[in-house]
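For reference, work.cif (mmCIF, C-alpha atoms):
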data_entry
loop_
_atom_site.label_atom_id
_atom_site.label_comp_id
_atom_site.auth_asym_id
_atom_site.auth_seq_id
_atom_site.Cartn_x
_atom_site.Cartn_y
_atom_site.Cartn_z
CA MET A 1 85.49 62.53 95.16
CA ALA A 2 86.98 65.14 97.51
CA THR A 3 87.58 68.59 96.16
CA CYS A 4 90.21 71.14 97.17
CA LYS A 5 89.22 74.51 98.57
CA PRO A 6 89.99 77.46 96.29
CA ALA A 7 93.47 78.83 96.93
CA ALA A 8 92.12 82.35 97.48
CA SER A 9 89.78 81.13 100.23
CA MET A 10 92.59 79.27 101.95
CA GLU A 11 94.80 82.37 101.73
CA TYR A 12 92.05 84.43 103.35
CA LEU A 13 91.66 81.92 106.21
CA VAL A 14 95.37 82.09 106.89
CA ARG A 15 95.36 85.89 106.84
CA LYS A 16 92.26 86.06 109.02
CA SER A 17 93.74 83.74 111.64
CA ASN A 18 96.85 85.90 111.82
CA GLN A 19 94.79 89.12 111.82
CA VAL A 20 96.80 90.54 108.96
CA ARG A 21 95.68 93.96 107.79
CA THR A 22 94.72 94.29 104.14
CA ALA A 23 95.49 97.11 101.69
CA ILE A 24 95.07 98.07 98.04
CA ASP A 25 97.49 100.39 96.26
CA LEU A 26 96.01 102.51 93.45
CA PHE A 27 98.44 104.22 91.02
CA CYS A 28 101.16 102.07 92.57
CA GLY A 29 103.97 102.94 90.14
CA SER A 30 107.07 100.90 90.88
CA GLY A 31 105.74 99.87 94.29
CA SER A 32 107.31 102.07 96.97
CA VAL A 33 103.99 102.52 98.81
CA SER A 34 103.32 98.78 98.70
CA ALA A 35 106.79 98.25 100.18
CA ALA A 36 105.93 100.66 103.00
CA LEU A 37 102.62 98.90 103.63
CA SER A 38 104.36 95.53 103.79
CA ALA A 39 107.00 96.93 106.15
CA VAL A 40 104.32 97.90 108.71
CA GLY A 41 102.43 94.63 108.47
CA TYR A 42 99.88 94.93 105.66
CA HIS A 43 99.03 92.32 103.10
CA VAL A 44 98.76 94.24 99.82
CA ALA A 45 96.00 92.33 98.07
CA ALA A 46 96.00 94.31 94.84
CA ALA A 47 97.86 97.09 93.06
CA VAL A 48 96.89 99.08 89.98
CA ASP A 49 98.97 100.97 87.44
CA VAL A 50 98.82 101.45 83.68
CA ASP A 51 102.58 101.63 83.04
CA PRO A 52 104.10 98.37 81.64
CA ILE A 53 107.61 99.18 82.89
CA CYS A 54 106.32 99.88 86.38
CA GLU A 55 104.50 96.56 86.21
CA LYS A 56 107.79 94.71 85.65
CA THR A 57 109.46 96.46 88.58
CA TYR A 58 106.43 95.98 90.79
CA ARG A 59 106.13 92.26 90.08
CA ALA A 60 109.86 91.77 90.72
CA ASN A 61 109.44 93.16 94.24
CA HIS A 62 105.89 92.16 95.18
CA PRO A 63 105.22 88.69 93.78
CA GLY A 64 102.44 88.04 96.29
CA THR A 65 100.26 90.97 95.15
CA ARG A 66 97.67 90.76 92.39
CA PHE A 67 98.76 93.40 89.87
CA PHE A 68 96.26 95.01 87.48
CA ARG A 69 97.85 96.78 84.52
CA GLU A 70 94.72 98.73 83.68
CA ASP A 71 93.45 102.20 82.93
CA ILE A 72 91.85 103.07 86.26
CA ARG A 73 88.97 104.72 84.41
CA LYS A 74 88.05 101.37 82.84
CA LEU A 75 88.76 99.04 85.76
CA ALA A 76 85.63 97.64 87.40
CA PRO A 77 85.69 97.80 91.24
CA TRP A 78 84.36 94.24 91.56
CA ARG A 79 87.66 92.94 90.18
CA LEU A 80 89.52 94.42 93.15
CA LYS A 81 86.85 93.02 95.45
CA TRP A 82 87.61 89.60 94.01
CA ALA A 83 91.31 90.10 94.75
CA LEU A 84 90.48 90.64 98.44
CA ALA A 85 89.26 87.02 98.60
CA GLY A 86 86.63 87.85 101.20
CA ALA A 87 88.84 89.93 103.47
CA ARG A 88 87.87 93.40 104.60
CA LEU A 89 89.79 96.27 103.03
CA ASP A 90 91.51 98.17 105.82
CA VAL A 91 93.44 100.78 103.83
CA LEU A 92 93.18 102.12 100.30
CA ILE A 93 96.12 104.25 99.14
CA VAL A 94 95.60 106.71 96.28
CA CYS A 95 98.71 108.35 94.78
CA ALA A 96 97.42 109.59 91.43
CA PRO A 97 99.79 111.16 88.88
CA CYS A 98 100.63 114.62 90.12
CA GLN A 99 101.83 116.45 86.99
CA PRO A 100 98.62 118.44 86.43
CA PHE A 101 99.01 120.03 89.91
CA SER A 102 102.80 120.33 90.00
CA SER A 103 104.41 123.75 90.28
CA GLN A 104 107.00 122.50 87.76
CA ASN A 105 104.33 121.88 85.14
CA ARG A 106 104.26 125.12 83.16
CA ARG A 107 101.74 123.77 80.65
CA ARG A 108 98.88 123.05 83.03
CA SER A 109 95.46 123.04 81.47
CA PRO A 110 91.97 122.74 82.97
CA GLN A 111 91.26 120.19 80.25
CA ASP A 112 94.10 117.86 81.32
CA VAL A 113 92.46 114.41 81.46
CA ARG A 114 94.74 113.44 84.36
CA LEU A 115 92.83 115.84 86.61
CA ASP A 116 90.04 113.26 86.71
CA LEU A 117 92.25 110.43 87.92
CA VAL A 118 92.08 111.37 91.61
CA LEU A 119 88.28 111.39 91.45
CA GLN A 120 88.28 107.95 89.85
CA SER A 121 89.10 106.59 93.30
CA ILE A 122 85.55 107.39 94.47
CA LYS A 123 84.01 104.44 92.63
CA PHE A 124 86.39 102.09 94.43
CA ILE A 125 85.70 103.71 97.81
CA ARG A 126 81.96 103.45 97.23
CA TYR A 127 82.15 99.77 96.25
CA LEU A 128 84.92 98.47 98.54
CA ARG A 129 84.15 100.63 101.62
CA PRO A 130 87.73 100.67 102.98
CA LYS A 131 88.08 101.56 106.61
CA THR A 132 90.69 104.22 105.87
CA VAL A 133 91.75 106.02 102.68
CA LEU A 134 95.04 107.91 102.26
CA PHE A 135 95.48 110.32 99.37
CA GLU A 136 99.00 111.54 98.61
CA ASN A 137 99.75 114.17 95.99
CA VAL A 138 101.73 117.35 95.30
CA ARG A 139 100.90 120.42 97.36
CA GLY A 140 99.27 122.12 94.37
CA ILE A 141 96.20 119.93 94.75
CA GLN A 142 95.40 121.34 98.19
CA GLY A 143 93.22 124.26 97.15
CA SER A 144 92.09 122.89 93.80
CA GLU A 145 88.61 122.21 92.45
CA VAL A 146 89.52 118.53 92.36
CA MET A 147 90.12 118.60 96.13
CA ARG A 148 86.79 120.34 96.71
CA LEU A 149 84.93 117.71 94.70
CA LEU A 150 86.84 114.91 96.42
CA LEU A 151 85.90 116.14 99.89
CA LYS A 152 82.27 116.51 98.82
CA GLU A 153 82.18 112.91 97.61
CA LEU A 154 83.83 111.59 100.78
CA ALA A 155 81.28 113.42 102.91
CA SER A 156 78.43 111.95 100.88
CA LEU A 157 79.84 108.48 101.60
CA ARG A 158 79.88 109.36 105.33
CA TYR A 159 83.64 109.31 105.74
CA LEU A 160 85.28 111.46 108.36
CA TYR A 161 88.29 113.40 107.14
CA ALA A 162 90.89 115.78 108.45
CA ALA A 163 91.81 118.97 106.63
CA PRO A 164 94.40 118.24 103.92
CA GLU A 165 97.86 118.43 105.47
CA LEU A 166 101.10 119.62 103.90
CA VAL A 167 103.92 117.29 104.91
CA ASP A 168 107.61 117.28 104.11
CA ALA A 169 109.25 113.93 103.41
CA ALA A 170 112.35 115.19 105.26
CA ASP A 171 110.31 115.09 108.48
CA PHE A 172 109.78 111.35 108.02
CA GLU A 173 113.38 110.07 107.77
CA VAL A 174 113.71 110.73 104.03
CA PRO A 175 116.97 112.48 103.02
CA GLN A 176 115.08 114.79 100.70
CA ARG A 177 112.95 117.93 100.89
CA ARG A 178 109.66 116.93 99.26
CA LEU A 179 106.46 118.79 100.11
CA ARG A 180 103.32 116.71 99.63
CA CYS A 181 99.62 117.06 100.31
CA LEU A 182 98.16 114.30 102.48
CA LEU A 183 94.43 113.73 102.90
CA VAL A 184 93.21 111.08 105.33
CA ALA A 185 89.59 109.87 105.37
CA SER A 186 88.36 107.14 107.66
CA GLN A 187 85.42 105.49 109.35
CA ASP A 188 87.52 105.49 112.53
CA LYS A 189 87.63 108.67 114.64
CA LYS A 190 90.93 107.60 116.17
CA VAL A 191 92.67 107.70 112.80
CA ILE A 192 91.39 111.22 112.13
CA ARG A 193 92.49 112.41 115.57
CA ASN A 194 95.96 111.03 114.90
CA VAL A 195 96.39 113.21 111.81
CA ARG A 196 97.28 116.11 114.09
CA ASP A 197 100.12 114.03 115.54
CA LEU A 198 101.91 113.89 112.20
CA HIS A 199 103.83 117.06 113.09
CA THR A 200 104.22 116.55 116.85
CA GLN A 201 106.60 113.60 117.00
CA PRO A 202 110.41 113.98 117.01
CA ASN A 203 111.92 114.37 113.57
CA ASN A 204 115.17 112.51 113.02
CA ARG A 205 116.54 114.10 109.88
CA VAL A 206 118.52 111.88 107.56
CA THR A 207 121.14 113.81 105.60
CA VAL A 208 122.68 113.29 102.18
CA PHE A 209 125.79 111.99 103.95
CA ASP A 210 123.73 109.43 105.88
CA ALA A 211 122.11 108.25 102.67
CA LEU A 212 125.20 108.01 100.43
CA LYS A 213 127.84 106.80 102.86
CA GLY A 214 129.50 103.54 101.94
CA LEU A 215 129.12 103.90 98.18
CA GLU A 216 132.32 103.69 96.16
CA GLU A 217 133.71 106.80 94.51
CA LEU A 218 133.18 107.13 90.77
CA SER A 219 134.41 109.47 88.09
CA ALA A 220 132.13 110.55 85.26
CA GLY A 221 131.54 107.59 82.97
CA GLU A 222 132.65 104.98 85.52
CA ALA A 223 130.47 102.14 86.81
CA SER A 224 130.53 99.95 89.87
CA ALA A 225 131.28 96.29 89.21
CA ARG A 226 129.04 95.29 92.13
CA ASP A 227 125.97 97.47 91.65
CA ARG A 228 124.44 98.04 88.21
CA LEU A 229 122.59 101.15 89.44
CA HIS A 230 125.78 102.80 90.68
CA ARG A 231 126.91 104.01 87.26
CA ALA A 232 127.98 107.63 86.69
CA ARG A 233 126.81 109.23 83.47
CA LEU A 234 129.39 110.55 81.04
CA HIS A 235 129.57 114.35 80.89
CA SER A 236 130.88 116.60 78.14
CA GLU A 237 134.25 118.26 78.67
CA LEU A 238 132.48 121.61 79.01
CA ASN A 239 130.22 120.35 81.80
CA LEU A 240 133.15 118.70 83.54
CA GLU A 241 134.93 122.05 83.46
CA ARG A 242 131.84 123.68 84.98
CA LEU A 243 131.71 121.07 87.74
CA ARG A 244 135.37 121.68 88.60
CA HIS A 245 134.55 125.34 89.22
CA ILE A 246 131.52 124.68 91.43
CA PRO A 247 132.52 124.52 95.13
CA LYS A 248 132.26 121.17 96.87
CA ASP A 249 129.50 120.41 99.35
CA GLY A 250 126.57 122.60 98.29
CA GLY A 251 128.10 124.95 95.72
CA SER A 252 126.03 126.43 92.92
CA ARG A 253 126.48 127.79 89.41
CA VAL A 254 126.85 131.35 90.75
CA SER A 255 130.52 130.49 91.21
CA LEU A 256 131.04 129.83 87.52
CA PRO A 257 133.25 132.30 85.64
CA THR A 258 131.40 134.22 82.95
CA HIS A 259 132.84 132.19 80.08
CA LEU A 260 131.38 128.99 81.56
CA GLN A 261 127.91 130.37 82.22
CA LEU A 262 125.08 129.59 79.83
CA ALA A 263 123.71 132.71 78.14
CA CYS A 264 120.21 131.88 79.43
CA HIS A 265 121.56 131.89 83.02
CA GLN A 266 123.04 135.36 82.82
CA ASN A 267 119.91 137.15 83.97
CA LEU A 268 117.95 137.48 87.19
CA GLU A 269 114.78 135.90 85.78
CA SER A 270 116.62 132.67 85.04
CA ASP A 271 118.12 132.63 88.53
CA ARG A 272 114.64 132.83 90.03
CA LYS A 273 113.22 130.05 87.83
CA PHE A 274 116.12 127.60 87.79
CA PRO A 275 118.37 128.40 90.79
CA ASP A 276 119.55 124.81 91.36
CA VAL A 277 120.71 123.88 87.86
CA TYR A 278 124.34 122.65 88.00
CA GLY A 279 124.25 122.81 91.80
CA ARG A 280 125.86 120.31 94.17
CA LEU A 281 124.16 118.46 97.00
CA SER A 282 125.29 119.33 100.52
CA TRP A 283 126.50 116.54 102.80
CA SER A 284 124.91 117.93 105.97
CA GLU A 285 121.53 118.81 104.45
CA VAL A 286 118.70 116.90 102.84
CA ALA A 287 118.54 116.79 99.05
CA PRO A 288 116.13 118.97 97.07
CA THR A 289 113.07 117.33 95.52
CA LEU A 290 114.11 114.60 93.13
CA THR A 291 112.49 114.55 89.69
CA THR A 292 112.58 112.22 86.70
CA GLY A 293 115.74 114.12 85.67
CA CYS A 294 117.47 113.32 88.95
CA THR A 295 120.71 112.11 87.34
CA ASP A 296 121.13 115.14 85.08
CA ILE A 297 123.01 118.19 86.35
CA THR A 298 121.22 120.38 83.81
CA ARG A 299 117.85 119.56 85.42
CA GLY A 300 118.49 120.60 89.03
CA ARG A 301 120.81 120.38 92.04
CA PHE A 302 121.78 116.83 91.20
CA ALA A 303 125.59 117.01 91.21
CA HIS A 304 127.46 114.88 93.76
CA PRO A 305 128.65 116.85 96.83
CA GLU A 306 132.34 116.19 96.04
CA GLN A 307 132.81 114.10 92.92
CA ASP A 308 132.62 115.89 89.56
CA ARG A 309 129.56 114.11 88.21
CA ALA A 310 125.82 113.81 88.55
CA ILE A 311 124.44 111.44 91.16
CA THR A 312 123.90 107.84 90.06
CA LEU A 313 120.65 105.91 89.98
CA ARG A 314 121.71 104.15 93.19
CA GLU A 315 122.32 107.44 94.93
CA ALA A 316 118.97 108.77 93.70
CA ALA A 317 117.23 105.63 94.91
CA ARG A 318 118.77 106.04 98.35
CA LEU A 319 117.69 109.68 98.47
CA GLN A 320 114.16 108.40 97.81
CA SER A 321 114.67 105.94 100.71
CA PHE A 322 114.59 102.80 98.57
CA PRO A 323 116.63 100.00 100.16
CA ASP A 324 119.47 98.67 98.02
CA ARG A 325 117.70 95.31 97.73
CA TYR A 326 114.83 96.89 95.78
CA LYS A 327 114.92 95.79 92.14
CA PHE A 328 114.37 98.15 89.21
CA ILE A 329 113.58 96.98 85.69
CA GLY A 330 114.16 99.11 82.58
CA ASN A 331 116.77 101.25 80.88
CA VAL A 332 118.54 104.16 82.56
CA GLN A 333 115.87 106.77 81.81
CA GLN A 334 113.02 104.41 82.66
CA ILE A 335 114.58 103.68 86.04
CA ALA A 336 115.27 107.39 86.67
CA THR A 337 111.60 108.08 85.91
CA GLN A 338 110.46 105.38 88.31
CA ILE A 339 112.70 106.72 91.05
CA GLY A 340 111.80 110.36 90.48
CA ASN A 341 108.06 109.66 90.45
CA ALA A 342 108.07 107.42 93.52
CA VAL A 343 106.44 108.22 96.84
CA PRO A 344 109.33 107.97 99.31
CA MET A 345 108.94 104.61 101.00
CA LYS A 346 110.17 105.78 104.41
CA MET A 347 107.77 108.72 104.40
CA MET A 348 104.73 106.52 103.84
CA GLU A 349 105.99 103.93 106.34
CA ASN A 350 106.31 106.56 109.09
CA ILE A 351 102.99 108.20 108.25
CA LEU A 352 101.20 104.86 108.59
CA LYS A 353 102.91 104.29 111.95
CA ARG A 354 102.01 107.73 113.27
CA LEU A 355 98.41 107.46 112.18
CA SER A 356 98.17 104.06 113.88
CA VAL A 357 95.98 102.82 111.05
CA ASP A 358 95.41 99.45 112.66
CA ILE A 359 91.90 98.06 112.25
#
Target format structure tokens, applied to this file:
Amino acid sequence: MATCKPAASMEYLVRKSNQVRTAIDLFCGSGSVSAALSAVGYHVAAAVDVDPICEKTYRANHPGTRFFREDIRKLAPWRLKWALAGARLDVLIVCAPCQPFSSQNRRRSPQDVRLDLVLQSIKFIRYLRPKTVLFENVRGIQGSEVMRLLLKELASLRYLYAAPELVDAADFEVPQRRLRCLLVASQDKKVIRNVRDLHTQPNNRVTVFDALKGLEELSAGEASARDRLHRARLHSELNLERLRHIPKDGGSRVSLPTHLQLACHQNLESDRKFPDVYGRLSWSEVAPTLTTGCTDITRGRFAHPEQDRAITLREAARLQSFPDRYKFIGNVQQIATQIGNAVPMKMMENILKRLSVDI
């Protein structure tokens, strides 16, 4: 009796005949990097993340990718090898949680177990032997002991690598200032040579106006009937009064009369630590770095340029360069966390294009 070929083998034959490039996305979160990979022609064979909410969002947007909801420290590399279905791994992306290295983390500790997560990628590199590996993280990792150990391990595996580069998402068509550390390792000299071109190509800056144009106006507490993410949070009367006193288009809390200032903001030390709290975005500039508190005016410069409210989840998603068709699963705070933690899709898409990571 005739037997059918395994589906995975058939999938590989199709991909091989079309010369589709293959990628794996470690610490994938809600899937912005996978979306970038798909946009430039990669088949994302597997993605890994431990967060169950991120899994729901990821699966809603990437149904063709094998998702592993696993602790990366316990995941065996052979399982990802199986997901490749015989194809060669062209690119491995590693975007480990960045909180231990973040300048906004004021409780950093050398014993933070998350410091080990970046180094967990080595076992996958050793077993899967990807042609190219891209590490993306906050700039604080650049001179760290973790970076030193990572480079040592890559050298022992005979990978070429360029010096870690600081890149700004705003230079890659993202309407947001977001400094990141990028490390590229590869078996291909051409890829390493192209790292220097990251900063030499024309930069077409996308502004806050470019990102938010076309969205309907909302007052605090109002919601769009057409877009569930375009919902303005309800502010207290006191915060609404503060917003009315902050100048449109880039104003800050320095314009607040004394009776509306918080006591903790009435000193120079506070101004140095939290200068953007209650600030408005500027139409003609890029946004500041978005965080998980990106729809809260008490957490940064997250007030709308003109309307007296914080930006909505839709506006935050656009500032992170997510297309409107991207689906998010979860409650308001869970979605804000997914958006704030995401690697800007357009940044990764343009980096992959400039590196010409192409077999």
**Request:** Could you state which residues are captured by the PyMOL selection byres ((chain A and resi 244) around 12) in this file, as a ChimeraX atom specification?
**Result:** /A:237-243,245-248,251-253,255-257,260,278-280,303-309
**Item:** Test item: the PyMOL selection byres ((chain A and resi 219) around 9) resolved as a list of chain:residue names
**Value:**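 With the shown file as input, the PyMOL selection byres ((chain A and resi 219) around 9) matches A:Glu217, A:Leu218, A:Ala220, A:Gly221, A:Glu222, A:Ala223, A:Ala232, A:Arg233, A:Leu234, A:Gln307, A:Asp308, A:Arg309.
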**Message:** Set the distance at 12 Å and use all atoms listed in the file: which residues neighbour Gln334 of chain A once local chain neighbours fewer than 2 positions away are removed? I'd like the list as a PyMOL selection string.
**Reply:** chain A and resi 29-30+51-54+56-57+292-295+313+328-332+336-341
Write the selection just made, keeping C-alpha atoms, as a PDB file, keeping the file's coordinate frame?
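result.pdb written:
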ATOM      1  CA  GLY A  29     103.970 102.940  90.140  1.00  0.00           C
ATOM      2  CA  SER A  30     107.070 100.900  90.880  1.00  0.00           C
ATOM      3  CA  ASP A  51     102.580 101.630  83.040  1.00  0.00           C
ATOM      4  CA  PRO A  52     104.100  98.370  81.640  1.00  0.00           C
ATOM      5  CA  ILE A  53     107.610  99.180  82.890  1.00  0.00           C
ATOM      6  CA  CYS A  54     106.320  99.880  86.380  1.00  0.00           C
ATOM      7  CA  LYS A  56     107.790  94.710  85.650  1.00  0.00           C
ATOM      8  CA  THR A  57     109.460  96.460  88.580  1.00  0.00           C
ATOM      9  CA  THR A 292     112.580 112.220  86.700  1.00  0.00           C
ATOM     10  CA  GLY A 293     115.740 114.120  85.670  1.00  0.00           C
ATOM     11  CA  CYS A 294     117.470 113.320  88.950  1.00  0.00           C
ATOM     12  CA  THR A 295     120.710 112.110  87.340  1.00  0.00           C
ATOM     13  CA  LEU A 313     120.650 105.910  89.980  1.00  0.00           C
ATOM     14  CA  PHE A 328     114.370  98.150  89.210  1.00  0.00           C
ATOM     15  CA  ILE A 329     113.580  96.980  85.690  1.00  0.00           C
ATOM     16  CA  GLY A 330     114.160  99.110  82.580  1.00  0.00           C
ATOM     17  CA  ASN A 331     116.770 101.250  80.880  1.00  0.00           C
ATOM     18  CA  VAL A 332     118.540 104.160  82.560  1.00  0.00           C
ATOM     19  CA  ALA A 336     115.270 107.390  86.670  1.00  0.00           C
ATOM     20  CA  THR A 337     111.600 108.080  85.910  1.00  0.00           C
ATOM     21  CA  GLN A 338     110.460 105.380  88.310  1.00  0.00           C
ATOM     22  CA  ILE A 339     112.700 106.720  91.050  1.00  0.00           C
ATOM     23  CA  GLY A 340     111.800 110.360  90.480  1.00  0.00           C
ATOM     24  CA  ASN A 341     108.060 109.660  90.450  1.00  0.00           C
TER      25      ASN A 341
END
**Non-local contacts of Gly143 of chain A (12 Å; all atoms listed in the file; under 3 positions in same chain excluded) as a PyMOL selection string** = chain A and resi 101+138-140+146-151+163-166+181
**Request:** Using the chain letters and numbering of this document, enumerate as an MDAnalysis selection string the residues selected by the PyMOL selection byres ((chain A and resi 122-127) around 9).
**Result:** chainID A and resid 76:78 80:81 92 118:121 128:130 133 150 153:154 157
**Request:** Mind checking which residues fall within 9 Å of Arg73 of chain A, counting only C-alpha atoms, ignoring those fewer than 2 positions away in the same chain, and posting them as a list in words?
**Result:**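 So the residues in contact are Glu70, Asp71, Leu75, Ala76, Asp116, Leu117 and Gln120 of chain A.
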**Item:** Separation of atom CA of Pro344 of chain A from atom CA of Arg205 of chain A in Å
**Value:**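 Separating atom CA of Arg205 of chain A from atom CA of Pro344 of chain A is a distance of 14.2 Å.
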**Asked** atom CA of Val167 of chain A and atom CA of Val44 of chain A, how far apart in Å?
**Response** 24.2 Å
**Item:** Interatomic distance (Å, one decimal) between atom CA of Lys131 of chain A and atom CA of Ala60 of chain A
**Value:**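 According to the coordinates, atom CA of Lys131 of chain A and atom CA of Ala60 of chain A are separated by 28.7 Å.
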